[in-house]
Every structure is written in C-alpha cells, then in structure tokens.
>>> print(open('query_1.csv').read())   # CSV, C-alpha atoms
chain,number,residue,atom,x,y,z
F,1,MET,CA,0.0,0.0,0.0
F,2,ILE,CA,1.0,3.6,-0.6
F,3,GLU,CA,1.5,5.8,2.4
F,4,THR,CA,-1.0,8.7,2.6
F,5,LYS,CA,1.6,11.5,2.8
F,6,TYR,CA,-0.7,14.0,1.1
F,7,THR,CA,-4.4,14.4,1.8
F,8,LEU,CA,-7.0,15.5,-0.7
F,9,LYS,CA,-7.8,18.7,1.3
F,10,GLN,CA,-4.1,19.6,1.5
F,11,VAL,CA,-3.6,19.2,-2.2
F,12,ILE,CA,-6.8,21.1,-3.2
F,13,GLU,CA,-5.9,24.0,-0.9
F,14,ASN,CA,-2.2,24.2,-2.0
F,15,THR,CA,-2.2,23.7,-5.8
F,16,GLU,CA,-1.1,26.8,-7.7
F,17,LEU,CA,-2.1,27.8,-11.2
F,18,ALA,CA,0.6,27.6,-13.8
F,19,ASP,CA,2.8,30.7,-13.6
F,20,PRO,CA,1.6,33.4,-16.1
F,21,LYS,CA,4.9,35.3,-15.8
F,22,TRP,CA,6.8,32.3,-17.2
F,23,GLN,CA,4.1,31.8,-19.8
F,24,ALA,CA,4.7,35.4,-20.9
F,25,ALA,CA,8.4,34.8,-20.9
F,26,ALA,CA,7.9,31.7,-23.1
F,27,ARG,CA,5.8,33.7,-25.6
F,28,ASP,CA,8.5,36.3,-25.8
F,29,HIS,CA,11.1,33.6,-26.4
F,30,ILE,CA,9.0,31.8,-29.0
F,31,GLU,CA,8.6,35.1,-30.9
F,32,LYS,CA,12.4,35.4,-31.1
F,33,LEU,CA,13.0,31.9,-32.5
F,34,ALA,CA,14.5,31.7,-36.0
F,35,ILE,CA,11.3,30.5,-37.5
F,36,PRO,CA,8.2,32.3,-39.0
F,37,PRO,CA,6.0,33.5,-36.1
F,38,TRP,CA,4.3,30.6,-34.4
F,39,SER,CA,4.9,28.4,-37.4
F,40,LEU,CA,5.1,25.2,-35.3
F,41,GLY,CA,1.6,25.8,-34.1
F,42,GLN,CA,0.4,23.5,-31.3
F,43,LEU,CA,4.0,22.4,-30.5
F,44,LEU,CA,4.6,26.0,-29.4
F,45,VAL,CA,1.4,26.2,-27.5
F,46,VAL,CA,2.4,23.2,-25.5
F,47,GLY,CA,5.9,24.6,-25.1
F,48,GLU,CA,4.4,27.7,-23.6
F,49,GLN,CA,2.2,25.6,-21.3
F,50,LEU,CA,5.3,23.6,-20.2
F,51,SER,CA,7.1,26.8,-19.4
F,52,GLY,CA,4.2,28.0,-17.2
F,53,ILE,CA,4.1,24.6,-15.4
F,54,GLN,CA,7.8,24.1,-14.8
F,55,ARG,CA,8.6,27.8,-14.3
F,56,THR,CA,11.3,28.0,-17.0
F,57,ILE,CA,11.6,28.8,-20.7
F,58,ARG,CA,13.7,25.6,-21.1
F,59,PRO,CA,11.3,22.9,-20.0
F,60,ASN,CA,12.5,19.3,-19.6
F,61,VAL,CA,10.4,16.1,-19.9
F,62,ASP,CA,13.1,13.5,-20.1
F,63,LYS,CA,11.7,11.3,-17.3
F,64,LYS,CA,8.3,10.0,-18.4
F,65,MET,CA,5.9,7.6,-16.9
F,66,VAL,CA,2.4,6.2,-17.6
F,67,ILE,CA,0.3,5.3,-14.5
F,68,THR,CA,-2.3,2.8,-15.4
F,69,MET,CA,-5.1,2.4,-12.9
F,70,ALA,CA,-7.1,-0.9,-12.8
F,71,GLY,CA,-10.5,-1.6,-11.3
F,72,ASP,CA,-13.7,-3.6,-11.7
F,73,HIS,CA,-17.3,-2.5,-11.9
F,74,GLY,CA,-20.4,-4.1,-10.3
F,75,VAL,CA,-22.5,-2.6,-13.1
F,76,VAL,CA,-21.0,-5.2,-15.5
F,77,ALA,CA,-23.7,-7.5,-14.1
F,78,GLU,CA,-26.2,-5.5,-16.1
F,79,GLY,CA,-24.8,-6.7,-19.4
F,80,VAL,CA,-23.1,-3.4,-20.5
F,81,SER,CA,-19.9,-4.9,-21.8
F,82,ALA,CA,-18.8,-7.3,-24.5
F,83,PHE,CA,-16.1,-8.8,-22.3
F,84,PRO,CA,-16.4,-10.7,-19.0
F,85,GLN,CA,-14.9,-9.2,-15.8
F,86,GLU,CA,-12.1,-11.8,-15.5
F,87,VAL,CA,-10.4,-10.0,-18.4
F,88,THR,CA,-9.4,-7.1,-16.0
F,89,PRO,CA,-6.8,-9.2,-14.0
F,90,GLN,CA,-5.8,-11.0,-17.1
F,91,MET,CA,-4.9,-7.7,-18.8
F,92,VAL,CA,-3.1,-6.5,-15.6
F,93,ALA,CA,-0.9,-9.6,-15.9
F,94,ASN,CA,-0.3,-8.8,-19.5
F,95,PHE,CA,0.8,-5.3,-18.6
F,96,VAL,CA,3.3,-6.8,-16.1
F,97,LYS,CA,4.6,-9.1,-18.9
F,98,GLY,CA,5.2,-6.1,-21.1
F,99,GLY,CA,2.9,-7.5,-23.8
F,100,ALA,CA,0.1,-4.9,-24.0
F,101,GLY,CA,-0.4,-2.0,-26.3
F,102,ILE,CA,0.6,0.5,-23.6
F,103,ASN,CA,3.9,-1.3,-22.9
F,104,VAL,CA,4.9,-1.2,-26.5
F,105,LEU,CA,3.9,2.4,-27.1
F,106,ALA,CA,5.4,3.6,-23.8
F,107,LYS,CA,8.7,1.9,-24.6
F,108,ALA,CA,8.8,3.6,-28.0
F,109,VAL,CA,9.0,7.0,-26.2
F,110,GLY,CA,11.2,5.9,-23.4
F,111,ALA,CA,8.4,6.0,-20.7
F,112,ASP,CA,8.0,3.6,-17.8
F,113,VAL,CA,4.7,2.0,-17.0
F,114,ILE,CA,3.4,1.3,-13.5
F,115,VAL,CA,0.1,-0.6,-12.8
F,116,VAL,CA,-2.0,0.2,-9.8
F,117,ASP,CA,-4.7,-2.1,-8.4
F,118,MET,CA,-7.4,0.3,-7.3
F,119,GLY,CA,-10.2,-2.2,-7.1
F,120,VAL,CA,-9.8,-5.3,-9.2
F,121,ALA,CA,-12.4,-7.9,-8.2
F,122,VAL,CA,-9.7,-10.6,-7.3
F,123,ASP,CA,-6.5,-10.5,-5.4
F,124,MET,CA,-3.2,-10.8,-7.3
F,125,PRO,CA,-0.8,-11.5,-4.5
F,126,HIS,CA,1.9,-13.0,-6.8
F,127,LEU,CA,2.1,-9.6,-8.6
F,128,VAL,CA,2.0,-7.5,-5.5
F,129,GLU,CA,4.6,-9.5,-3.6
F,130,LYS,CA,7.2,-9.2,-6.4
F,131,GLY,CA,6.5,-5.4,-6.8
F,132,ALA,CA,5.0,-5.8,-10.2
F,133,ILE,CA,1.9,-3.9,-9.4
F,134,ILE,CA,1.1,-1.3,-6.7
F,135,ASP,CA,-1.7,-2.4,-4.3
F,136,CYS,CA,-4.1,0.4,-3.5
F,137,LYS,CA,-7.2,-1.8,-3.6
F,138,VAL,CA,-10.2,0.0,-2.1
F,139,ALA,CA,-12.6,-2.9,-2.5
F,140,TYR,CA,-13.2,-5.8,-4.8
F,141,GLY,CA,-14.8,-3.7,-7.5
F,142,THR,CA,-17.5,-1.1,-7.2
F,143,LYS,CA,-21.1,-2.0,-6.3
F,144,ASN,CA,-23.6,-2.3,-9.1
F,145,PHE,CA,-24.7,1.3,-9.3
F,146,SER,CA,-27.9,0.4,-11.1
F,147,LYS,CA,-29.1,-0.8,-7.6
F,148,GLU,CA,-26.9,1.0,-5.0
F,149,PRO,CA,-24.2,3.6,-5.0
F,150,ALA,CA,-20.9,2.5,-6.6
F,151,MET,CA,-18.9,3.3,-3.4
F,152,THR,CA,-19.1,5.2,-0.2
F,153,ARG,CA,-17.9,8.7,0.1
F,154,ALA,CA,-15.1,7.6,2.3
F,155,GLN,CA,-14.0,5.1,-0.4
F,156,ALA,CA,-14.1,7.8,-3.1
F,157,ILE,CA,-11.8,10.0,-1.0
F,158,GLN,CA,-9.5,7.0,-0.3
F,159,ALA,CA,-9.2,6.3,-4.0
F,160,LEU,CA,-8.5,9.9,-4.8
F,161,GLU,CA,-5.8,10.1,-2.1
F,162,ALA,CA,-4.3,6.8,-3.4
F,163,GLY,CA,-3.9,8.4,-6.8
F,164,ILE,CA,-2.4,11.6,-5.3
F,165,ASN,CA,0.1,9.7,-3.4
F,166,VAL,CA,1.1,7.3,-6.2
F,167,ALA,CA,1.9,10.3,-8.4
F,168,SER,CA,3.7,12.1,-5.5
F,169,LYS,CA,5.9,9.1,-4.8
F,170,VAL,CA,7.2,8.7,-8.4
F,171,ILE,CA,7.7,12.5,-8.8
F,172,GLU,CA,9.6,12.8,-5.5
F,173,GLU,CA,11.5,9.5,-5.6
F,174,GLN,CA,12.2,9.0,-9.3
F,175,GLY,CA,12.2,12.6,-10.6
F,176,ILE,CA,9.4,12.0,-13.1
F,177,ASN,CA,8.7,15.2,-15.0
F,178,LEU,CA,6.0,14.1,-17.4
F,179,LEU,CA,3.2,11.9,-16.4
F,180,ALA,CA,0.4,10.2,-18.3
F,181,THR,CA,-2.9,8.6,-17.2
F,182,GLY,CA,-4.0,5.1,-18.2
F,183,ASP,CA,-6.8,2.7,-17.2
F,184,MET,CA,-7.9,-0.9,-17.2
F,185,GLY,CA,-11.3,-2.1,-16.1
F,186,ILE,CA,-14.0,-4.1,-18.0
F,187,GLY,CA,-17.2,-2.0,-18.1
F,188,ASN,CA,-15.5,1.3,-17.3
F,189,THR,CA,-17.0,3.3,-20.2
F,190,THR,CA,-20.3,3.0,-18.4
F,191,PRO,CA,-19.3,5.0,-15.2
F,192,SER,CA,-17.3,7.4,-17.4
F,193,ALA,CA,-20.4,8.2,-19.5
F,194,ALA,CA,-22.4,8.6,-16.3
F,195,ILE,CA,-19.9,11.1,-14.9
F,196,LEU,CA,-20.0,13.1,-18.2
F,197,ALA,CA,-23.7,13.1,-18.3
F,198,VAL,CA,-24.0,14.4,-14.8
F,199,MET,CA,-21.1,16.9,-14.6
F,200,ALA,CA,-21.6,18.4,-18.1
F,201,GLU,CA,-25.4,17.9,-18.2
F,202,TYR,CA,-25.5,16.1,-21.5
F,203,PRO,CA,-28.2,13.6,-22.5
F,204,VAL,CA,-27.1,10.0,-21.6
F,205,SER,CA,-27.8,8.9,-25.2
F,206,SER,CA,-25.3,11.5,-26.5
F,207,VAL,CA,-22.4,10.4,-24.3
F,208,THR,CA,-22.7,6.7,-24.3
F,209,GLY,CA,-20.8,4.6,-26.9
F,210,ARG,CA,-20.0,1.0,-27.7
F,211,GLY,CA,-17.0,0.7,-25.5
F,212,THR,CA,-15.4,-2.7,-26.4
F,213,GLY,CA,-17.7,-3.2,-29.3
F,214,ILE,CA,-21.2,-3.9,-28.1
F,215,ASP,CA,-24.1,-4.4,-30.4
F,216,ASN,CA,-27.2,-2.2,-30.8
F,217,ALA,CA,-29.3,-4.0,-28.2
F,218,THR,CA,-26.5,-3.9,-25.6
F,219,LEU,CA,-25.9,-0.2,-26.4
F,220,LEU,CA,-29.6,0.6,-25.7
F,221,ASN,CA,-29.5,-1.4,-22.5
F,222,LYS,CA,-26.3,0.5,-21.5
F,223,ILE,CA,-28.0,3.8,-22.0
F,224,LYS,CA,-31.0,2.7,-20.0
F,225,VAL,CA,-28.8,1.4,-17.1
F,226,ILE,CA,-26.9,4.7,-16.9
F,227,ARG,CA,-30.1,6.9,-17.2
F,228,ASP,CA,-31.9,4.9,-14.5
F,229,ALA,CA,-28.9,5.0,-12.2
F,230,ILE,CA,-28.7,8.8,-12.5
F,231,ASN,CA,-32.4,9.1,-11.8
F,232,LEU,CA,-32.1,6.7,-8.8
F,233,HIS,CA,-29.1,8.4,-7.1
F,234,SER,CA,-29.4,12.0,-8.2
F,235,PRO,CA,-25.7,12.7,-8.0
F,236,ASP,CA,-24.8,16.4,-7.4
F,237,LYS,CA,-22.8,17.7,-10.3
F,238,ASN,CA,-21.4,20.4,-8.0
F,239,ASP,CA,-19.9,17.8,-5.7
F,240,PRO,CA,-17.5,15.6,-7.7
F,241,ILE,CA,-17.0,13.2,-4.7
F,242,ASP,CA,-20.8,12.6,-4.7
F,243,VAL,CA,-20.7,11.9,-8.4
F,244,LEU,CA,-17.8,9.5,-7.9
F,245,SER,CA,-19.4,7.7,-5.0
F,246,LYS,CA,-22.7,7.2,-6.8
F,247,VAL,CA,-21.8,6.4,-10.4
F,248,GLY,CA,-18.0,6.3,-10.5
F,249,GLY,CA,-15.2,3.8,-10.5
F,250,PHE,CA,-12.1,3.2,-8.3
F,251,GLU,CA,-9.7,3.6,-11.2
F,252,ILE,CA,-11.4,6.8,-12.3
F,253,ALA,CA,-11.0,8.2,-8.9
F,254,GLY,CA,-7.4,7.1,-8.9
F,255,ILE,CA,-6.8,8.8,-12.2
F,256,ALA,CA,-8.4,12.0,-10.9
F,257,GLY,CA,-6.0,11.7,-7.9
F,258,VAL,CA,-3.0,11.2,-10.2
F,259,ILE,CA,-3.9,14.4,-12.0
F,260,LEU,CA,-4.3,16.3,-8.7
F,261,GLY,CA,-1.0,15.0,-7.5
F,262,ALA,CA,0.8,16.1,-10.7
F,263,ALA,CA,-0.8,19.6,-10.5
F,264,TYR,CA,0.2,19.9,-6.8
F,265,HIS,CA,3.8,19.1,-7.7
F,266,GLN,CA,3.8,21.3,-10.8
F,267,VAL,CA,4.3,18.4,-13.2
F,268,PRO,CA,2.6,18.2,-16.7
F,269,ILE,CA,0.2,15.3,-17.2
F,270,LEU,CA,-1.1,13.9,-20.4
F,271,VAL,CA,-4.7,12.8,-20.1
F,272,ASP,CA,-5.5,9.7,-22.2
F,273,GLY,CA,-8.9,8.5,-23.4
F,274,PHE,CA,-12.5,8.5,-22.3
F,275,ILE,CA,-12.0,6.9,-18.9
F,276,SER,CA,-9.0,9.1,-18.1
F,277,THR,CA,-10.9,12.2,-19.2
F,278,ALA,CA,-13.7,11.3,-16.9
F,279,GLY,CA,-11.1,11.4,-14.2
F,280,ALA,CA,-10.0,14.8,-15.5
F,281,LEU,CA,-13.6,16.1,-15.1
F,282,ILE,CA,-13.5,15.0,-11.5
F,283,ALA,CA,-10.1,16.6,-10.9
F,284,LYS,CA,-11.1,19.9,-12.4
F,285,GLY,CA,-14.4,19.9,-10.4
F,286,LEU,CA,-12.4,19.4,-7.2
F,287,CYS,CA,-9.5,21.7,-8.0
F,288,PRO,CA,-10.0,24.0,-11.0
F,289,GLN,CA,-6.2,24.9,-10.9
F,290,SER,CA,-5.4,21.4,-12.0
F,291,LEU,CA,-6.6,22.1,-15.5
F,292,ASP,CA,-3.5,24.2,-16.1
F,293,TYR,CA,-1.4,21.0,-15.8
F,294,MET,CA,-3.4,18.8,-18.1
F,295,ILE,CA,-2.3,18.2,-21.7
F,296,PRO,CA,-5.1,16.6,-23.8
F,297,SER,CA,-3.5,13.8,-25.7
F,298,HIS,CA,-6.1,12.5,-28.2
F,299,GLN,CA,-9.7,12.2,-29.1
F,300,SER,CA,-10.9,8.6,-29.0
F,301,GLU,CA,-13.7,6.9,-30.9
F,302,GLU,CA,-16.1,7.1,-27.9
F,303,PRO,CA,-18.7,9.7,-28.9
F,304,GLY,CA,-18.6,11.3,-25.5
F,305,HIS,CA,-14.9,11.9,-25.6
F,306,GLN,CA,-15.2,15.0,-27.8
F,307,LEU,CA,-17.8,16.3,-25.4
F,308,MET,CA,-15.5,15.8,-22.5
F,309,TRP,CA,-12.8,17.9,-24.1
F,310,GLN,CA,-15.3,20.6,-24.9
F,311,ALA,CA,-16.5,20.5,-21.2
F,312,LEU,CA,-12.9,21.0,-20.1
F,313,GLY,CA,-12.2,23.6,-22.8
F,314,LEU,CA,-9.2,21.6,-24.1
F,315,ARG,CA,-8.2,20.7,-27.7
F,316,PRO,CA,-6.6,17.2,-28.1
F,317,LEU,CA,-3.3,17.0,-29.9
F,318,LEU,CA,-4.2,13.8,-31.9
F,319,ASN,CA,-7.1,12.0,-33.4
F,320,LEU,CA,-5.9,8.5,-34.4
F,321,ASN,CA,-9.3,6.7,-34.0
F,322,PHE,CA,-8.1,4.9,-30.9
F,323,LYS,CA,-10.5,2.8,-28.9
F,324,LEU,CA,-8.1,1.1,-26.5
F,325,GLY,CA,-7.4,3.2,-23.3
F,326,GLU,CA,-4.6,1.8,-21.1
F,327,GLY,CA,-2.7,5.1,-21.6
F,328,THR,CA,-1.9,4.4,-25.3
F,329,GLY,CA,-3.0,7.7,-26.7
F,330,ALA,CA,-1.2,9.6,-24.0
F,331,ALA,CA,2.0,7.6,-24.6
F,332,VAL,CA,1.9,8.4,-28.4
F,333,ALA,CA,1.4,12.1,-27.5
F,334,MET,CA,4.5,12.1,-25.3
F,335,HIS,CA,6.5,12.3,-28.6
F,336,LEU,CA,4.8,15.6,-29.3
F,337,VAL,CA,5.3,17.0,-25.8
F,338,GLU,CA,9.0,16.0,-25.9
F,339,SER,CA,9.2,17.8,-29.3
F,340,SER,CA,7.7,20.9,-27.7
F,341,ALA,CA,10.3,20.9,-24.9
F,342,ARG,CA,13.1,20.4,-27.4
F,343,VAL,CA,11.9,23.3,-29.6
F,344,MET,CA,11.9,25.6,-26.6
F,345,CYS,CA,15.4,24.5,-25.6
F,346,ASP,CA,17.2,23.9,-28.8
F,347,VAL,CA,15.9,26.1,-31.6
F,348,LEU,CA,18.1,29.2,-31.9
F,349,THR,CA,16.8,32.7,-31.7
F,350,PHE,CA,17.3,35.0,-34.7
F,351,GLU,CA,20.1,36.7,-32.9
F,352,ASP,CA,21.9,33.5,-31.9
F,353,ALA,CA,21.5,32.0,-35.4
F,354,GLY,CA,22.7,35.2,-37.1
F,355,VAL,CA,19.5,35.3,-39.1
F,356,SER,CA,17.9,38.6,-40.0
F,357,ASN,CA,14.7,39.1,-38.1
F,358,GLY,CA,12.6,40.1,-41.1
F,359,HIS,CA,9.7,38.1,-42.5
F,360,GLU,CA,9.6,39.6,-46.0
F,361,GLY,CA,8.9,36.8,-48.5
F,362,ILE,CA,7.9,34.3,-45.9
>>> encode(input="query_1.csv", output="structure tokens")
Amino acid sequence: MIETKYTLKQVIENTELADPKWQAAARDHIEKLAIPPWSLGQLLVVGEQLSGIQRTIRPNVDKKMVITMAGDHGVVAEGVSAFPQEVTPQMVANFVKGGAGINVLAKAVGADVIVVDMGVAVDMPHLVEKGAIIDCKVAYGTKNFSKEPAMTRAQAIQALEAGINVASKVIEEQGINLLATGDMGIGNTTPSAAILAVMAEYPVSSVTGRGTGIDNATLLNKIKVIRDAINLHSPDKNDPIDVLSKVGGFEIAGIAGVILGAAYHQVPILVDGFISTAGALIAKGLCPQSLDYMIPSHQSEEPGHQLMWQALGLRPLLNLNFKLGEGTGAAVAMHLVESSARVMCDVLTFEDAGVSNGHEGI
C-alpha cells in the first residue's frame, strides 16, 4: 500500500495555477525563435504551457511515466460490456509481462509504465509481492450502481488520495517530470459516460458509446442502465465526490488523484482517453487549478470523448481513431510533448543564429 503522505484537502488547498509570468516569458522567447512566427503551431502552444508549469523557458520532460489504474465495476452484471470481468486481472498480468499496447507504445517514447490495483475484483498476491503492481485496492470492484451507490464517500476519498500519493511518490523519488494517465477495467466506459452526463449535463444517449464493441441492443441497455442509475441516485454535479461515489469507479477516482498529484507538484500530465478524461472532469471539479497542468493527448472513438474535451475547454493533440485506453494515446502524444520541450530548448533565436529578423517573402 502507498503511504498517505498528502491528503485530498491539503492538495486542493495548496495547488497553484501555472505561472503566467513564465508563460509570458515563453511567448516572448518563442517570438524570437528563428522560424516564422508561431509556425510550429500546437507544439509551441504546448511549449508555452510547459514553461508555465515548470517555471522555466527551457522545460524538460526526459523522465516519463504512464500510471495505469485498474479496477472492476459491479454494473457489469447488467450486461453493459462485450467482455467478462475476468479480463481485467488477465490484462493486468499482460501489462506486467510487457505485452500490452501500452507497454509497446510507452517503450517507443522511453516511458516507464506502472500498474496500480485500485479495485480489481480478485487479489493478485503474486504480482503484489514481487512489486510488479502497486496495491491500492479500495474494494473488490465497485457496487452495481444500477441498484446502489458505486462506493461510499469515504471510499471515493480513499481512491482519490491513493492516486495523489502514487503520483507524488514517483515524482519525489524518481524525478518523473512528465506523467500520463491510463486505465484498465471491464465496463468502465459505463461510469465514465455517467460522470460526463452528470457533470456536463449532456443527455445520456449523446455520451454513451460502444466501448469494447457492443451491439445495438446492448448499447440501448447500457444507455438505460446509466439513465436509470442517475435518476435513482441524483448525483450532485457540483460535488465531484458525490458523483464518484454514486456512479464512478475506483480507477477513475485514482486517475483523478494522479492528475491532482501532478498539479500539486507542478508536473505536466497527459490525459488519455474516455475513462481518463472522466477522471480529469472530476479533478477539475475538485480543483480548477489542476486544468493548467493537463495536456489533452487525443480524441478517441467514444462519442462522449469530444464532449468531455469541450466541457474541459481543451483541444486534443491527436485523433488516431483509438478505442483502447490503457494510456496508449497519451503515450503516443508524449512524442509531441517532448518535441515541444526540445523546440523551446534547442531552436536558436534569430540573434543567436545570425539570421535577419525580417519576414519579407515568408
């Protein structure tokens, strides 16, 4: 288990916004680079963001990590997923072996991957004992929120604080300076859609997609399950912990905590797909300052994902038609974030390059 060094209250109360003075200094530096003004587009926008986060015009993201949170969901009993629940621990084992999509894509960008058991429905002592996964298990999966709240309020706070402290530990002990979120949990597009429907007040039918590839009848059932659960529990959109406790997931809470931990420690964090962005909605609801530290990696095929980004006011860097999760889109986007940092550090200014600072003919 991870020591609770930082509490949720402490982190919310002490997280600062990104520094506008360093952002202004970055803009000034960018405008002096020996390239046509802002000709590298979003790479420069991210470079400016990194400067505001790290308080320097020469940001560094050389120590990268994806934190993949795993948890199960009682609502799977309602037939909302194409896959059985036992796939969750099977995929966790595959992450440990290095054979999953996230392992391959993280390796390509030089990022480590750690896996955290937030609420998998079975114990995995062989993986915990050898340090292959981090045990932050809150319970053996959430409750079936079509019948009762997914978790207690205390469990929601426990999961949030676990995420905060996992992020804090790798930042403080390993010097990680670029984080990314990831998820694993059969059925987790269902609570993610529920969170979006509540917090951004969208119709359930507009935010609910096919997840792992369900057919039309299953999709209609999934929509009904979510709509009925929201009507049953009446989660308060102005209280993200209430939303989590009634229709959320342990890994979603953990992801929100990781984002809050990154923001508290002034570390940029790439937000992955639909499930991770549900966590981002929770994080922003709890601590609006955390939005400054989020880098939106990609837009997935889930119809609600675009609506999540709109609700957050963020523009994703990529659209690669991903459907996977795990942190895969965020891992791919790490290439772009590293490129942004290198542009800020290594592209010469007009003065240093001995190039005339005139744009005639460009």
>>> closest_residue(input="query_1.csv", among="F:Thr181, F:Ser290, F:Asn188, F:Thr218", to="Ala333 in chain F", atoms="all atoms listed in the file")
F:Thr181
>>> closest_residue(input="query_1.csv", among="F:Ala70, F:Ile114, F:Ile230, F:Val109", to="Ala159 in chain F", atoms="only C-alpha atoms")
F:Ala70
>>> residues_around(input="query_1.csv", residues="Val166 in chain F", least_positions_apart="5", cutoff="12 Å", atoms="all atoms listed in the file", output="VMD selection string")
chain F and resid 1 to 6 65 to 69 114 to 118 133 to 136 159 to 161 171 to 174 176 179 181 254 to 262
>>> closest_residue(input="query_1.csv", among="F:Phe274, F:Tyr202, F:Phe322, F:Tyr264", to="Val11 in chain F", atoms="only C-alpha atoms")
F:Tyr264
>>> residues_around(input="query_1.csv", residues="Pro84 in chain F", least_positions_apart="6", cutoff="9 Å", atoms="all atoms listed in the file", output="VMD selection string")
chain F and resid 76 186 to 187
>>> residues_around(input="query_1.csv", residues="Met344 in chain F", least_positions_apart="3", cutoff="10 Å", atoms="only C-alpha atoms", output="list in words")
Ala26, His29, Ile30, Leu33, Leu43, Leu44, Val46, Gly47, Glu48, Leu50, Ser51, Thr56, Ile57, Arg58, Pro59, Asn60, Ser339, Ser340, Ala341, Val347 and Leu348 of chain F
>>> atom_distance(input="query_1.csv", atom1="CA of Gln49 in chain F", atom2="CA of Trp22 in chain F")
9.1 Å
>>> atom_distance(input="query_1.csv", atom1="CA of Lys21 in chain F", atom2="CA of Gly52 in chain F")
7.5 Å
>>> closest_atom_pairs(input="query_1.csv", of="range 247-274 of chain F", to="range 301-320 of chain F", cutoff="10 Å", atoms="all atoms listed in the file", output="Markdown table")
| residue | atom | partner | partner_atom | distance |
| --- | --- | --- | --- | --- |
| F:Val271 | CA | F:Pro316 | CA | 9.3 |
| F:Asp272 | CA | F:Pro316 | CA | 9.6 |
| F:Gly273 | CA | F:His305 | CA | 7.2 |
| F:Phe274 | CA | F:His305 | CA | 5.3 |
>>> atom_distance(input="query_1.csv", atom1="CA of Val337 in chain F", atom2="CA of Gln299 in chain F")
16.1 Å
